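File shown: final-v6.pdb (PDB, C-alpha atoms).
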```pdb
ATOM      1  CA  MET A   1      94.764 102.599  83.861
ATOM      2  CA  ASN A   2      93.077 104.420  80.971
ATOM      3  CA  ALA A   3      93.602 108.010  82.047
ATOM      4  CA  THR A   4      96.922 109.594  81.237
ATOM      5  CA  ILE A   5      98.463 111.206  84.283
ATOM      6  CA  PRO A   6     100.097 114.527  83.436
ATOM      7  CA  THR A   7     103.805 115.043  83.901
ATOM      8  CA  VAL A   8     105.611 118.173  84.983
ATOM      9  CA  SER A   9     109.109 119.172  83.900
ATOM     10  CA  PRO A  10     111.788 119.575  86.552
ATOM     11  CA  SER A  11     111.912 123.371  86.020
ATOM     12  CA  ASP A  12     108.110 123.704  86.318
ATOM     13  CA  ALA A  13     108.120 121.443  89.388
ATOM     14  CA  ASN A  14     110.827 123.591  90.941
ATOM     15  CA  THR A  15     108.767 126.725  90.311
ATOM     16  CA  SER A  16     105.572 125.272  91.770
ATOM     17  CA  ARG A  17     106.989 123.074  94.538
ATOM     18  CA  SER A  18     105.984 125.406  97.369
ATOM     19  CA  ALA A  19     102.352 125.194  96.234
ATOM     20  CA  CYS A  20     102.135 121.405  96.098
ATOM     21  CA  LEU A  21     103.130 118.258  97.895
ATOM     22  CA  LEU A  22     106.331 116.678  96.590
ATOM     23  CA  LEU A  23     105.850 112.983  97.259
ATOM     24  CA  ASP A  24     109.008 110.891  96.868
ATOM     25  CA  VAL A  25     108.113 107.197  96.476
ATOM     26  CA  ARG A  26     111.653 105.765  96.379
ATOM     27  CA  THR A  27     113.241 103.697  99.130
ATOM     28  CA  PRO A  28     114.536 105.445 102.246
ATOM     29  CA  ALA A  29     118.107 104.642 101.183
ATOM     30  CA  GLU A  30     117.607 106.293  97.781
ATOM     31  CA  PHE A  31     115.939 109.281  99.441
ATOM     32  CA  GLU A  32     118.834 109.611 101.875
ATOM     33  CA  GLU A  33     121.301 109.597  98.981
ATOM     34  CA  MET A  34     119.595 112.502  97.181
ATOM     35  CA  HIS A  35     116.226 114.208  97.339
ATOM     36  CA  ILE A  36     114.476 117.468  96.595
ATOM     37  CA  GLU A  37     114.400 119.789  99.574
ATOM     38  CA  GLY A  38     110.896 119.821 101.014
ATOM     39  CA  ALA A  39     109.930 116.442  99.529
ATOM     40  CA  LEU A  40     108.199 113.907 101.745
ATOM     41  CA  LEU A  41     109.393 110.331 101.634
ATOM     42  CA  TYR A  42     106.555 107.869 101.230
ATOM     43  CA  PRO A  43     107.931 104.602  99.763
ATOM     44  CA  ILE A  44     105.708 103.033  97.129
ATOM     45  CA  THR A  45     105.708  99.819  99.184
ATOM     46  CA  GLU A  46     103.859 101.712 101.943
ATOM     47  CA  LEU A  47     101.659 103.977  99.797
ATOM     48  CA  ASN A  48      98.304 104.813 101.398
ATOM     49  CA  PRO A  49      96.055 107.092  99.285
ATOM     50  CA  ALA A  50      93.997 108.154 102.315
ATOM     51  CA  LYS A  51      97.128 109.375 104.102
ATOM     52  CA  VAL A  52      98.351 111.146 100.951
ATOM     53  CA  THR A  53      94.972 112.923 100.726
ATOM     54  CA  GLU A  54      95.528 114.258 104.262
ATOM     55  CA  LEU A  55      99.056 115.370 103.395
ATOM     56  CA  MET A  56      97.928 117.169 100.231
ATOM     57  CA  GLN A  57      95.617 119.495 102.201
ATOM     58  CA  GLY A  58      93.807 120.559  99.027
ATOM     59  CA  ARG A  59      97.043 121.168  97.111
ATOM     60  CA  GLY A  60      98.352 119.385  94.049
ATOM     61  CA  CYS A  61     100.822 116.544  94.305
ATOM     62  CA  ILE A  62     103.964 115.852  92.296
ATOM     63  CA  VAL A  63     105.117 112.235  92.575
ATOM     64  CA  VAL A  64     108.883 111.659  92.378
ATOM     65  CA  CYS A  65     111.078 108.585  91.917
ATOM     66  CA  LYS A  66     114.432 107.869  90.302
ATOM     67  CA  SER A  67     113.392 107.954  86.640
ATOM     68  CA  GLY A  68     109.583 107.935  86.516
ATOM     69  CA  GLY A  69     108.484 104.285  86.586
ATOM     70  CA  ARG A  70     107.610 103.953  90.272
ATOM     71  CA  ALA A  71     106.183 107.467  90.288
ATOM     72  CA  ARG A  72     103.800 106.470  87.473
ATOM     73  CA  LYS A  73     102.657 103.385  89.380
ATOM     74  CA  ALA A  74     102.161 105.401  92.569
ATOM     75  CA  ALA A  75     100.299 108.159  90.699
ATOM     76  CA  GLU A  76      98.027 105.566  89.085
ATOM     77  CA  THR A  77      97.229 104.184  92.537
ATOM     78  CA  LEU A  78      96.462 107.669  93.868
ATOM     79  CA  VAL A  79      94.288 108.635  90.891
ATOM     80  CA  ALA A  80      92.431 105.289  91.055
ATOM     81  CA  ALA A  81      91.645 106.143  94.697
ATOM     82  CA  GLY A  82      90.066 109.431  93.554
ATOM     83  CA  LEU A  83      92.850 111.929  94.213
ATOM     84  CA  GLN A  84      92.940 114.902  91.868
ATOM     85  CA  GLY A  85      95.803 117.194  90.953
ATOM     86  CA  VAL A  86      98.346 114.353  90.834
ATOM     87  CA  ARG A  87     101.268 114.821  88.446
ATOM     88  CA  ILE A  88     104.514 112.950  87.834
ATOM     89  CA  LEU A  89     107.966 114.527  87.810
ATOM     90  CA  GLU A  90     109.088 113.966  84.236
ATOM     91  CA  GLY A  91     112.299 111.918  84.272
ATOM     92  CA  GLY A  92     112.365 111.715  88.074
ATOM     93  CA  MET A  93     115.374 112.639  90.197
ATOM     94  CA  ALA A  94     117.690 111.823  87.294
ATOM     95  CA  ALA A  95     116.116 114.608  85.214
ATOM     96  CA  TRP A  96     115.971 116.942  88.231
ATOM     97  CA  LYS A  97     119.700 116.562  88.823
ATOM     98  CA  SER A  98     120.625 116.769  85.114
ATOM     99  CA  SER A  99     118.598 120.007  84.905
ATOM    100  CA  GLY A 100     121.063 121.502  87.378
ATOM    101  CA  LEU A 101     118.461 121.976  90.102
ATOM    102  CA  ALA A 102     119.513 121.855  93.736
ATOM    103  CA  ALA A 103     119.086 118.638  95.674
ATOM    104  CA  VAL A 104     119.899 117.572  99.198
ATOM    105  CA  GLU A 105     122.688 114.999  98.948
ATOM    106  CA  GLY A 106     123.653 112.491 101.592
ATOM    107  CA  LYS A 107     125.237 109.079 101.886
ATOM    108  CA  LYS A 108     125.679 107.220  98.586
ATOM    109  CA  THR A 109     123.860 103.916  98.119
ATOM    110  CA  ILE A 110     123.462 101.275  95.447
ATOM    111  CA  SER A 111     120.309 102.050  93.454
ATOM    112  CA  LEU A 112     117.436  99.590  93.486
ATOM    113  CA  GLU A 113     117.905  98.997  89.751
ATOM    114  CA  ARG A 114     121.565  98.048  90.275
ATOM    115  CA  GLN A 115     120.612  95.798  93.194
ATOM    116  CA  VAL A 116     118.192  93.934  90.914
ATOM    117  CA  ARG A 117     120.859  93.489  88.229
ATOM    118  CA  ILE A 118     123.434  92.302  90.790
ATOM    119  CA  SER A 119     120.970  89.864  92.398
ATOM    120  CA  ALA A 120     119.670  88.486  89.104
ATOM    121  CA  GLY A 121     123.171  88.088  87.707
ATOM    122  CA  ALA A 122     124.431  86.394  90.866
ATOM    123  CA  LEU A 123     121.490  83.976  90.950
ATOM    124  CA  VAL A 124     121.915  83.072  87.263
ATOM    125  CA  PHE A 125     125.663  82.559  87.714
ATOM    126  CA  ILE A 126     125.291  80.467  90.887
ATOM    127  CA  GLY A 127     122.418  78.439  89.430
ATOM    128  CA  SER A 128     124.394  77.775  86.236
ATOM    129  CA  CYS A 129     127.485  76.684  88.203
ATOM    130  CA  LEU A 130     125.395  74.401  90.409
ATOM    131  CA  ALA A 131     123.682  72.940  87.327
ATOM    132  CA  TYR A 132     127.051  72.228  85.697
ATOM    133  CA  PHE A 133     129.018  70.999  88.709
ATOM    134  CA  VAL A 134     126.417  69.543  91.088
ATOM    135  CA  SER A 135     123.150  68.531  89.435
ATOM    136  CA  ALA A 136     121.345  69.428  86.239
ATOM    137  CA  ALA A 137     118.251  70.081  88.362
ATOM    138  CA  TRP A 138     119.769  73.423  89.404
ATOM    139  CA  ILE A 139     119.049  74.741  85.883
ATOM    140  CA  VAL A 140     115.661  75.719  87.284
ATOM    141  CA  VAL A 141     117.292  78.702  89.093
ATOM    142  CA  PRO A 142     118.569  80.575  86.006
ATOM    143  CA  ALA A 143     115.416  79.569  84.104
ATOM    144  CA  PHE A 144     113.231  81.056  86.852
ATOM    145  CA  ILE A 145     115.274  84.278  86.949
ATOM    146  CA  GLY A 146     115.114  84.552  83.154
ATOM    147  CA  ALA A 147     111.346  84.082  83.182
ATOM    148  CA  GLY A 148     111.062  86.685  85.928
ATOM    149  CA  LEU A 149     113.077  89.195  83.910
ATOM    150  CA  VAL A 150     110.883  88.618  80.850
ATOM    151  CA  PHE A 151     107.774  89.078  83.016
ATOM    152  CA  ALA A 152     109.250  92.282  84.478
ATOM    153  CA  GLY A 153     109.973  93.632  81.009
ATOM    154  CA  VAL A 154     106.519  92.817  79.651
ATOM    155  CA  THR A 155     104.504  94.038  82.648
ATOM    156  CA  ASP A 156     106.855  96.777  83.913
ATOM    157  CA  THR A 157     106.509  95.146  87.345
ATOM    158  CA  CYS A 158     109.640  93.771  88.969
ATOM    159  CA  GLY A 159     109.000  91.271  91.741
ATOM    160  CA  MET A 160     112.686  91.145  92.662
ATOM    161  CA  GLY A 161     112.740  94.941  92.890
ATOM    162  CA  MET A 162     109.704  94.899  95.176
ATOM    163  CA  VAL A 163     111.375  92.323  97.432
ATOM    164  CA  LEU A 164     114.681  94.210  97.495
ATOM    165  CA  ALA A 165     112.884  97.488  98.275
ATOM    166  CA  ARG A 166     111.698  95.890 101.527
ATOM    167  CA  MET A 167     115.165  94.757 102.616
ATOM    168  CA  PRO A 168     116.586  96.367 105.780
ATOM    169  CA  TRP A 169     119.410  98.173 103.982
ATOM    170  CA  ASN A 170     116.852  99.896 101.720
ATOM    171  CA  ASN A 171     114.587 100.868 104.589
ATOM    172  CA  ARG A 172     116.981 102.533 106.963
ATOM    173  CA  ARG A 173     115.670 105.906 107.946
ATOM    174  CA  ALA A 174     117.696 108.751 109.352
ATOM    175  CA  ALA A 175     116.827 109.394 112.988
ATOM    176  CA  CYS A 176     116.308 113.037 112.177
ATOM    177  CA  CYS A 177     115.900 114.698 108.815
ATOM    178  CA  SER A 178     118.786 116.777 107.508
ATOM    179  CA  THR A 179     116.464 119.668 106.726
ATOM    180  CA  LYS A 180     113.450 120.774 108.643
ATOM    181  CA  SER A 181     111.140 120.429 105.626
ATOM    182  CA  SER A 182     112.327 117.029 104.402
ATOM    183  CA  CYS A 183     111.165 114.003 106.290
ATOM    184  CA  SER A 184     109.648 110.606 105.913
ATOM    185  CA  ILE A 185     106.233 109.217 106.584
ATOM    186  CA  SER A 186     106.486 106.307 109.020
TER     187      SER A 186
END
```
Show this structure as structure tokens.
Amino acid sequence: MNATIPTVSPSDANTSRSACLLLDVRTPAEFEEMHIEGALLYPITELNPAKVTELMQGRGCIVVCKSGGRARKAAETLVAAGLQGVRILEGGMAAWKSSGLAAVEGKKTISLERQVRISAGALVFIGSCLAYFVSAAWIVVPAFIGAGLVFAGVTDTCGMGMVLARMPWNNRRAACCSTKSSCSIS
């Protein structure tokens, strides 16, 4: 995308959050672990610009994720669909929390980034062991994972992360939101 999408600092987002839609594009598990009060959960894997337009109701929109990468991708999708007033929370939830701003905290989970590292490492280890002890043909497993990691680094798109984000443990949703203004889009 050619257009640069503006960012907003955590303190400015906190000041203006009642006047705009806070759209959290992380997984339900990450959202459950910690989120900004009043934010709406709308996982990037389910993002629908038409629905977001309805939710914005003529207001601006601040897109939130863990550190900014998924928020940027989601914001690019929204802007490409014609939405205006879309901004990205600079540094994501990590910056929000390190700024000392209040967040709703719940059950701890393993972050999507850690899940990718654990999965990639496990697959490389298992593939290497199988290649050494069983058949050299198994070398294709660590080679494939290595190529995937290079692709992810070059394109800033992680296929393994996208697959893991759809796993049941990352998509559990609380039956009822812990605060009346924080909920998810189903």
> Hey, what comes out of the PyMOL selection byres ((chain A and resi 101) around 9) on this file? Could you write it as a ChimeraX atom specification?
Replying inline: /A:10-11,14,36,96-100,102-103
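The smallest atom-to-atom distance between Pro43 (chain A) and any of A:Cys158, A:Cys65, A:Ala95, A:Leu83, using all atoms listed in the file, is found for A:Cys65.
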> Got a sec: who's within 12 Å of Thr4 (chain A), counting only C-alpha atoms, leaving out chain neighbours fewer than 5 positions off, as an NGL selection string?
Replying inline: :A and (72-73 or 75-76 or 79-80 or 86-88)
>> Evaluated on this file, the PyMOL selection byres ((chain A and resi 114-124) around 12) picks out some residues - which ones are they, written as a VMD selection string?
In response: chain A and resid 30 109 to 113 125 to 131 138 to 149 152 158 to 165 167 169 to 170
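Comparing A:Pro6, A:Gly85, A:Gly106, A:Pro28 by their smallest distance to Gly68 (chain A), the closest is A:Pro6 (using all atoms listed in the file).
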>> Quick check on the file I pasted: which residues fall under the PyMOL selection byres ((chain A and resi 26) around 8)? Write them as a list in words.
In response: Asp24, Val25, Thr27, Pro28, Glu30, Phe31, Leu41, Tyr42, Pro43, Ile44, Val64, Cys65, Lys66 and Arg70 of chain A
> Looking at A:Glu33, A:Ala74, A:Thr155, A:Ser18, which one is nearest to Glu46 (chain A), with distances taken over all atoms listed in the file?
Replying inline: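 For Glu46 (chain A), the nearest of the given residues is A:Ala74.
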> When you draw a straight line from CA of Ala94 (chain A) to CA of Lys107 (chain A), how long is it in Å?
Replying inline: 16.7 Å
> With distances taken over only C-alpha atoms, which of A:Met56, A:Leu23, A:Ala29, A:Ala13 is nearest to Asn171 (chain A)?
Replying inline: A:Ala29
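The gap separating CA of Val63 (chain A) from CA of Gln84 (chain A) is 12.5 Å, in Å to one decimal.
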>> If I take CA of Val52 (chain A) and CA of Glu105 (chain A), how far is one from the other in Å, to one decimal?
In response: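 Rounded to one decimal, the two atoms are 24.7 Å apart.
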